[in-house]
Amino acid sequence: MKQFEWSLRLKGFPVNEAKKTQAIIDGFTEADYANYLSKQLQAIVAFHLEHTPFYKALCGGINTLDWHTLPVLTKTDLQQPLADRLSDKYTVKTVHKHKTSGSSGTPFEFAKDNFSHAMTWVTFMQRYSWFNIDLNTCKQARFYGIPLDTKAYYKERLKDWLGNRFRFSVFDLSDAALDKVLYKFMRTKFNYINGYTSAIVQFAKYLERKNIILKEVCPTLEVCIVTSEMLFKDDKKLLEKQLNISIVNEYGAAELGLIAFEDKNDNWMVNSNHLYIEILDNNNQPVPFGQPGKIVITDLYNRAHPFIRYELGDLGQLSTKSTLQHPILESLTGRTSDFISLPSGKIAAGLTFYYITKTVMTTNANVKEFIVEQIEVDTFKIDYVATEALSKPQQKAVQLAVDKYLEPNLNLIFEQKAVLEREVSGKLKQFRSRL
């Protein structure tokens, strides 16, 4: 029984139509794809100019026939009532509605028409099949957040049942809680893991402490798909060792669906089925393959709500091996807001702190995870979970690394915590700035 597809059709999403469209796209040559993309971009812009007053107002006074003069939408642009942003072909009752997680600091409600949403899920099905995962039949171990109010909680549990998955809460990653997670793996024929990177890494560290290989206690496992948070090389090695299955990096966004997915050759293949990705500089001009910039994405099919040249808030770059039909995401370097401003005027990526603290703290096996918060331009607070407090020599080692990678004379405040504060969604934001 195709339970998952049945649940989508029951909600009115035309899965078969989306599959036919995807099959046509898959059969394109590079030249065919270029022609298809050009027509789809023109069509989605023309539709929203005619039917979406919100988008027409944004494009007032510009040459809408020139792609590069079209406005770049930001999350702030979308922070107004959803009804004011919909095309006149839809109402709030005839669209799929959802909210972004708010991890960027600017949450908003968005909408998709039924065909657009079906294309999103058909793309997930296609990419997961690369690793022999069938969403209709394969059992998922899900490491995600879950609403705690009763109605929303049971709604998510129902969705989990329809999606053939079991959800582990990421809000408690203590050894006692992970004992129960392990016991569930021992008694359930899970086929794959999917969820937040930080939570799965914590589970892998727990397995390492217990000297357990997950594949040995759950032989049906085939692949682990990490999403929503950065996956670093040393964490990937840990996952490969303790899970003993393929580790796949997924990149997506609630409002767009799947953006990129690793293939078996470790290429982070961009979803070009229904998305068009651009990498732009600070002046909203395209940069060549191989150079970093702002990730800007267009949904080719969403007629309910315009996501045309939408600035996601992330920085990244496309590989020089990319083509128009097969773009390859070479790297993600974090969010545009995740940057450190230093007293000298220097600007550094927030991920720099990750590497600094990771390098030093991993020599101390009792440190489980940490976050860094910039309080003042010269002051940073490091909250960490550990069985023992960091010693003065260990704190000094972090300070020396900060001096080396950033600049001297920065103040560090260390605070040991029982648990770290996660986003409402359950994600762990490893660098935050109050500036």
# chains A, B, ... in the order shown; residues from 1 in each chain; ligands from 1
>>> residues_around(residues="A:Val92", least_positions_apart="4", cutoff="9 Å", atoms="only C-alpha atoms", output="PyMOL selection string")
chain A and resi 82-83+86+96-97+111
>>> write_last_selection(atoms="all heavy atoms", output="compact mmCIF listing (two decimals), in the first residue's frame")
# COMPACT_ATOMS: atom_id res chain seq x y z
N LEU A 82 -0.63 36.96 5.08
CA LEU A 82 -0.55 36.06 3.92
C LEU A 82 -1.57 36.43 2.85
O LEU A 82 -1.27 36.39 1.65
CB LEU A 82 -0.75 34.61 4.38
CG LEU A 82 -0.74 33.54 3.29
CD1 LEU A 82 0.60 33.53 2.56
CD2 LEU A 82 -1.04 32.17 3.87
N ALA A 83 -2.77 36.79 3.27
CA ALA A 83 -3.83 37.12 2.31
C ALA A 83 -3.43 38.28 1.40
O ALA A 83 -3.88 38.36 0.24
CB ALA A 83 -5.12 37.47 3.05
N LEU A 86 -1.07 36.67 -1.59
CA LEU A 86 -1.55 35.61 -2.48
C LEU A 86 -1.95 36.16 -3.84
O LEU A 86 -2.37 37.31 -3.97
CB LEU A 86 -2.74 34.90 -1.86
CG LEU A 86 -2.52 34.06 -0.61
CD1 LEU A 86 -3.83 33.46 -0.15
CD2 LEU A 86 -1.49 32.97 -0.86
N HIS A 96 -1.93 25.32 0.36
CA HIS A 96 -1.21 24.66 1.46
C HIS A 96 -0.48 25.74 2.23
O HIS A 96 0.39 26.43 1.67
CB HIS A 96 -0.22 23.64 0.90
CG HIS A 96 0.74 23.12 1.92
ND1 HIS A 96 0.36 22.27 2.94
CD2 HIS A 96 2.07 23.35 2.10
CE1 HIS A 96 1.41 21.99 3.70
NE2 HIS A 96 2.46 22.63 3.21
N LYS A 97 -0.81 25.93 3.50
CA LYS A 97 -0.19 26.97 4.34
C LYS A 97 0.80 26.34 5.31
O LYS A 97 0.61 25.24 5.80
CB LYS A 97 -1.25 27.74 5.12
CG LYS A 97 -2.29 28.44 4.27
CD LYS A 97 -3.17 29.35 5.12
CE LYS A 97 -3.99 28.56 6.14
NZ LYS A 97 -4.96 27.66 5.50
N ALA A 111 2.55 30.16 1.47
CA ALA A 111 1.56 29.28 0.85
C ALA A 111 2.13 28.65 -0.42
O ALA A 111 3.00 29.22 -1.09
CB ALA A 111 0.30 30.07 0.51
>>> select_by_dssp(residues="stretch 224-298 of chain A", states="alpha helix (DSSP H)", output="PyMOL selection string")
chain A and resi 233-243
>>> residues_around(residues="A:Glu208", least_positions_apart="4", cutoff="7 Å", atoms="only C-alpha atoms", output="PyMOL selection string")
chain A and resi 204+212+242
>>> write_last_selection(atoms="N, CA and C atoms", output="PDB file, in the first residue's frame")
ATOM      1  N   ALA A 204      25.211   9.791  18.142  1.00  0.00           N
ATOM      2  CA  ALA A 204      26.430   9.079  17.744  1.00  0.00           C
ATOM      3  C   ALA A 204      27.495   9.143  18.840  1.00  0.00           C
ATOM      4  N   ILE A 212      28.973   1.098  20.893  1.00  0.00           N
ATOM      5  CA  ILE A 212      27.919   0.419  20.144  1.00  0.00           C
ATOM      6  C   ILE A 212      27.915   0.927  18.698  1.00  0.00           C
ATOM      7  N   GLN A 242      29.979   5.306  13.862  1.00  0.00           N
ATOM      8  CA  GLN A 242      29.074   4.771  14.884  1.00  0.00           C
ATOM      9  C   GLN A 242      27.757   4.240  14.319  1.00  0.00           C
TER      10      GLN A 242
END
>>> closest_residue(among="A:Ser228, A:Ser174, A:Gln374, A:Thr387", to="A:Tyr196", atoms="only C-alpha atoms")
A:Ser228
>>> closest_residue(among="A:Asn194, A:Lys381, A:Lys112, A:His274", to="A:Ala18", atoms="only C-alpha atoms")
A:His274
>>> residues_around(residues="A:Phe168", least_positions_apart="2", cutoff="10 Å", atoms="only C-alpha atoms", output="PyMOL selection string")
chain A and resi 141-146+165-166+170-173+177-178+180-181+184+195+199
>>> write_last_selection(atoms="N, CA, C and O atoms", output="PDB file, in the first residue's frame")
ATOM      1  N   ALA A 141      13.320   6.733  11.207  1.00  0.00           N
ATOM      2  CA  ALA A 141      13.606   7.198  12.569  1.00  0.00           C
ATOM      3  C   ALA A 141      13.854   8.695  12.461  1.00  0.00           C
ATOM      4  O   ALA A 141      14.811   9.124  11.819  1.00  0.00           O
ATOM      5  N   ARG A 142      13.000   9.487  13.091  1.00  0.00           N
ATOM      6  CA  ARG A 142      12.983  10.939  12.855  1.00  0.00           C
ATOM      7  C   ARG A 142      13.456  11.687  14.092  1.00  0.00           C
ATOM      8  O   ARG A 142      12.837  11.582  15.160  1.00  0.00           O
ATOM      9  N   PHE A 143      14.532  12.454  13.976  1.00  0.00           N
ATOM     10  CA  PHE A 143      15.055  13.274  15.070  1.00  0.00           C
ATOM     11  C   PHE A 143      14.679  14.728  14.799  1.00  0.00           C
ATOM     12  O   PHE A 143      15.402  15.462  14.128  1.00  0.00           O
ATOM     13  N   TYR A 144      13.523  15.139  15.316  1.00  0.00           N
ATOM     14  CA  TYR A 144      12.998  16.479  15.081  1.00  0.00           C
ATOM     15  C   TYR A 144      12.391  17.019  16.364  1.00  0.00           C
ATOM     16  O   TYR A 144      12.137  16.279  17.311  1.00  0.00           O
ATOM     17  N   GLY A 145      12.096  18.304  16.335  1.00  0.00           N
ATOM     18  CA  GLY A 145      11.301  18.889  17.404  1.00  0.00           C
ATOM     19  C   GLY A 145       9.848  18.496  17.217  1.00  0.00           C
ATOM     20  O   GLY A 145       9.458  17.976  16.166  1.00  0.00           O
ATOM     21  N   ILE A 146       9.041  18.752  18.251  1.00  0.00           N
ATOM     22  CA  ILE A 146       7.619  18.470  18.159  1.00  0.00           C
ATOM     23  C   ILE A 146       6.877  19.465  19.049  1.00  0.00           C
ATOM     24  O   ILE A 146       7.350  19.794  20.143  1.00  0.00           O
ATOM     25  N   ARG A 165       6.824   6.962   9.965  1.00  0.00           N
ATOM     26  CA  ARG A 165       8.026   7.360  10.709  1.00  0.00           C
ATOM     27  C   ARG A 165       7.731   7.413  12.202  1.00  0.00           C
ATOM     28  O   ARG A 165       6.581   7.593  12.612  1.00  0.00           O
ATOM     29  N   PHE A 166       8.777   7.244  12.989  1.00  0.00           N
ATOM     30  CA  PHE A 166       8.677   7.380  14.436  1.00  0.00           C
ATOM     31  C   PHE A 166       9.570   8.541  14.857  1.00  0.00           C
ATOM     32  O   PHE A 166      10.741   8.610  14.492  1.00  0.00           O
ATOM     33  N   VAL A 170      14.023  15.972  20.141  1.00  0.00           N
ATOM     34  CA  VAL A 170      15.408  16.438  20.266  1.00  0.00           C
ATOM     35  C   VAL A 170      15.582  17.360  21.476  1.00  0.00           C
ATOM     36  O   VAL A 170      16.674  17.901  21.686  1.00  0.00           O
ATOM     37  N   PHE A 171      14.531  17.525  22.255  1.00  0.00           N
ATOM     38  CA  PHE A 171      14.611  18.451  23.385  1.00  0.00           C
ATOM     39  C   PHE A 171      15.256  17.824  24.619  1.00  0.00           C
ATOM     40  O   PHE A 171      15.595  18.527  25.566  1.00  0.00           O
ATOM     41  N   ASP A 172      15.403  16.511  24.623  1.00  0.00           N
ATOM     42  CA  ASP A 172      16.091  15.823  25.718  1.00  0.00           C
ATOM     43  C   ASP A 172      17.087  14.843  25.110  1.00  0.00           C
ATOM     44  O   ASP A 172      16.699  13.818  24.538  1.00  0.00           O
ATOM     45  N   LEU A 173      18.359  15.178  25.202  1.00  0.00           N
ATOM     46  CA  LEU A 173      19.412  14.327  24.649  1.00  0.00           C
ATOM     47  C   LEU A 173      20.321  13.799  25.757  1.00  0.00           C
ATOM     48  O   LEU A 173      21.499  13.526  25.550  1.00  0.00           O
ATOM     49  N   ALA A 177      17.569   9.544  28.197  1.00  0.00           N
ATOM     50  CA  ALA A 177      16.660   9.632  27.049  1.00  0.00           C
ATOM     51  C   ALA A 177      17.203   8.834  25.865  1.00  0.00           C
ATOM     52  O   ALA A 177      16.454   8.144  25.160  1.00  0.00           O
ATOM     53  N   LEU A 178      18.525   8.897  25.663  1.00  0.00           N
ATOM     54  CA  LEU A 178      19.126   8.184  24.533  1.00  0.00           C
ATOM     55  C   LEU A 178      19.145   6.676  24.761  1.00  0.00           C
ATOM     56  O   LEU A 178      19.164   5.900  23.797  1.00  0.00           O
ATOM     57  N   LYS A 180      16.588   5.126  25.831  1.00  0.00           N
ATOM     58  CA  LYS A 180      15.274   4.752  25.290  1.00  0.00           C
ATOM     59  C   LYS A 180      15.289   4.774  23.759  1.00  0.00           C
ATOM     60  O   LYS A 180      14.653   3.944  23.108  1.00  0.00           O
ATOM     61  N   VAL A 181      16.026   5.732  23.188  1.00  0.00           N
ATOM     62  CA  VAL A 181      16.159   5.801  21.730  1.00  0.00           C
ATOM     63  C   VAL A 181      16.825   4.526  21.217  1.00  0.00           C
ATOM     64  O   VAL A 181      16.366   3.898  20.257  1.00  0.00           O
ATOM     65  N   LYS A 184      14.553   1.553  21.267  1.00  0.00           N
ATOM     66  CA  LYS A 184      13.589   1.579  20.168  1.00  0.00           C
ATOM     67  C   LYS A 184      14.233   1.073  18.878  1.00  0.00           C
ATOM     68  O   LYS A 184      13.606   0.340  18.102  1.00  0.00           O
ATOM     69  N   GLY A 195      16.856  13.776  10.210  1.00  0.00           N
ATOM     70  CA  GLY A 195      16.638  14.759  11.264  1.00  0.00           C
ATOM     71  C   GLY A 195      17.756  15.765  11.411  1.00  0.00           C
ATOM     72  O   GLY A 195      18.672  15.850  10.579  1.00  0.00           O
ATOM     73  N   ALA A 199      21.342  16.773  16.766  1.00  0.00           N
ATOM     74  CA  ALA A 199      20.746  15.723  17.590  1.00  0.00           C
ATOM     75  C   ALA A 199      21.296  14.349  17.213  1.00  0.00           C
ATOM     76  O   ALA A 199      21.598  13.521  18.087  1.00  0.00           O
TER      77      ALA A 199
END
>>> closest_residue(among="A:Asn366, A:Ser169, A:Ser246, A:Thr352", to="A:Asn265", atoms="only C-alpha atoms")
A:Ser246
>>> closest_residue(among="A:Ser341, A:Thr69, A:Gln394, A:Ser7", to="A:Leu158", atoms="only C-alpha atoms")
A:Ser7
>>> atom_distance(atom1="atom CA of A:Gln126", atom2="atom CA of A:Phe185")
26.0 Å
>>> closest_atom_pairs(of="stretch 16-78 of chain A", to="stretch 310-330 of chain A", cutoff="10 Å", atoms="only C-alpha atoms", output="tab-separated table")
residue	atom	partner	partner_atom	distance
A:Ile25	CA	A:Gln325	CA	9.6
A:Asp26	CA	A:Gln325	CA	9.7
A:Phe28	CA	A:Gln325	CA	8.8
A:Thr29	CA	A:Gln325	CA	8.5
A:Glu30	CA	A:Gln325	CA	6.0
A:Ala31	CA	A:Gln325	CA	8.9
A:Asp32	CA	A:Gln325	CA	9.3
A:Tyr33	CA	A:Gln325	CA	6.1
A:Ala34	CA	A:Leu324	CA	7.0
A:Leu37	CA	A:Gln325	CA	8.8
A:Pro71	CA	A:Tyr310	CA	8.7
A:Val72	CA	A:Tyr310	CA	5.7
A:Leu73	CA	A:Tyr310	CA	4.5
A:Thr74	CA	A:Glu311	CA	5.3
A:Lys75	CA	A:Glu311	CA	7.3
A:Asp77	CA	A:Tyr310	CA	9.9
>>> write_last_selection(atoms="N, CA, C and O atoms", output="compact mmCIF listing (two decimals), in the first residue's frame")
# COMPACT_ATOMS: atom_id res chain seq x y z
N ILE A 25 10.95 16.39 -17.39
CA ILE A 25 12.15 17.18 -17.08
C ILE A 25 13.39 16.28 -17.07
O ILE A 25 14.45 16.65 -17.59
N ASP A 26 13.26 15.09 -16.49
CA ASP A 26 14.39 14.16 -16.42
C ASP A 26 14.88 13.75 -17.80
O ASP A 26 16.06 13.40 -17.98
N PHE A 28 15.08 15.66 -20.46
CA PHE A 28 15.63 16.78 -21.23
C PHE A 28 17.14 16.64 -21.47
O PHE A 28 17.88 16.18 -20.60
N THR A 29 17.56 17.07 -22.66
CA THR A 29 18.98 17.32 -22.89
C THR A 29 19.32 18.66 -22.25
O THR A 29 18.43 19.40 -21.80
N GLU A 30 20.59 19.01 -22.23
CA GLU A 30 20.99 20.30 -21.66
C GLU A 30 20.32 21.46 -22.40
O GLU A 30 19.86 22.42 -21.79
N ALA A 31 20.25 21.35 -23.74
CA ALA A 31 19.62 22.41 -24.54
C ALA A 31 18.11 22.47 -24.27
O ALA A 31 17.53 23.55 -24.15
N ASP A 32 17.48 21.27 -24.16
CA ASP A 32 16.05 21.23 -23.85
C ASP A 32 15.78 21.89 -22.49
O ASP A 32 14.81 22.63 -22.33
N TYR A 33 16.65 21.59 -21.53
CA TYR A 33 16.45 22.13 -20.19
C TYR A 33 16.58 23.66 -20.20
O TYR A 33 15.80 24.35 -19.53
N ALA A 34 17.56 24.17 -20.94
CA ALA A 34 17.75 25.62 -21.00
C ALA A 34 16.49 26.30 -21.56
O ALA A 34 16.06 27.35 -21.05
N LEU A 37 13.70 26.01 -18.85
CA LEU A 37 13.92 26.94 -17.74
C LEU A 37 13.55 28.36 -18.14
O LEU A 37 12.88 29.08 -17.38
N PRO A 71 13.15 42.43 -8.70
CA PRO A 71 13.54 42.60 -7.29
C PRO A 71 13.96 41.27 -6.66
O PRO A 71 13.44 40.21 -7.02
N VAL A 72 14.89 41.36 -5.72
CA VAL A 72 15.27 40.22 -4.91
C VAL A 72 14.42 40.27 -3.65
O VAL A 72 14.52 41.22 -2.86
N LEU A 73 13.55 39.29 -3.47
CA LEU A 73 12.66 39.26 -2.31
C LEU A 73 13.42 38.87 -1.05
O LEU A 73 14.21 37.92 -1.07
N THR A 74 13.17 39.56 0.03
CA THR A 74 13.75 39.20 1.31
C THR A 74 12.65 38.71 2.25
O THR A 74 11.46 38.92 2.00
N LYS A 75 13.05 38.09 3.33
CA LYS A 75 12.07 37.61 4.32
C LYS A 75 11.27 38.78 4.90
O LYS A 75 10.09 38.65 5.21
N ASP A 77 10.32 41.41 3.34
CA ASP A 77 9.27 41.75 2.37
C ASP A 77 8.02 40.91 2.61
O ASP A 77 6.89 41.35 2.34
>>> closest_residue(among="A:Asn191, A:Ser129, A:Asn271, A:Asn114", to="A:Val95", atoms="only C-alpha atoms")
A:Asn114
>>> residues_around(residues="stretch 368-373 of chain A", least_positions_apart="5", cutoff="6 Å", atoms="only C-alpha atoms", output="JSON, numbers by chain")
{"A": [380, 381, 382, 383, 384, 385, 386, 430, 431, 432, 433]}
>>> residues_around(residues="stretch 219-225 of chain A", least_positions_apart="6", cutoff="10 Å", atoms="only C-alpha atoms", output="ChimeraX atom specification")
/A:128,131-133,138-142,185-186,188-197,200,239-240,243-251,261-262
>>> closest_residue(among="A:Thr357, A:Gln22, A:Ala418, A:Glu109", to="A:Thr76", atoms="only C-alpha atoms")
A:Glu109
>>> atom_distance(atom1="atom CA of A:Glu407", atom2="atom CA of A:Asp378")
9.9 Å
>>> select_by_dssp(residues="stretch 35-220 of chain A", states="strand (DSSP E)", output="list of chain:residue names")
A:His96, A:Lys97, A:His98, A:Lys99, A:Glu109, A:Phe110, A:Ala111, A:Lys112, A:Gln140, A:Ala141, A:Arg142, A:Phe143, A:Tyr144, A:Arg165, A:Phe166, A:Arg167, A:Phe168, A:Ser169, A:Tyr192, A:Ile193, A:Asn194, A:Gly195, A:Tyr196
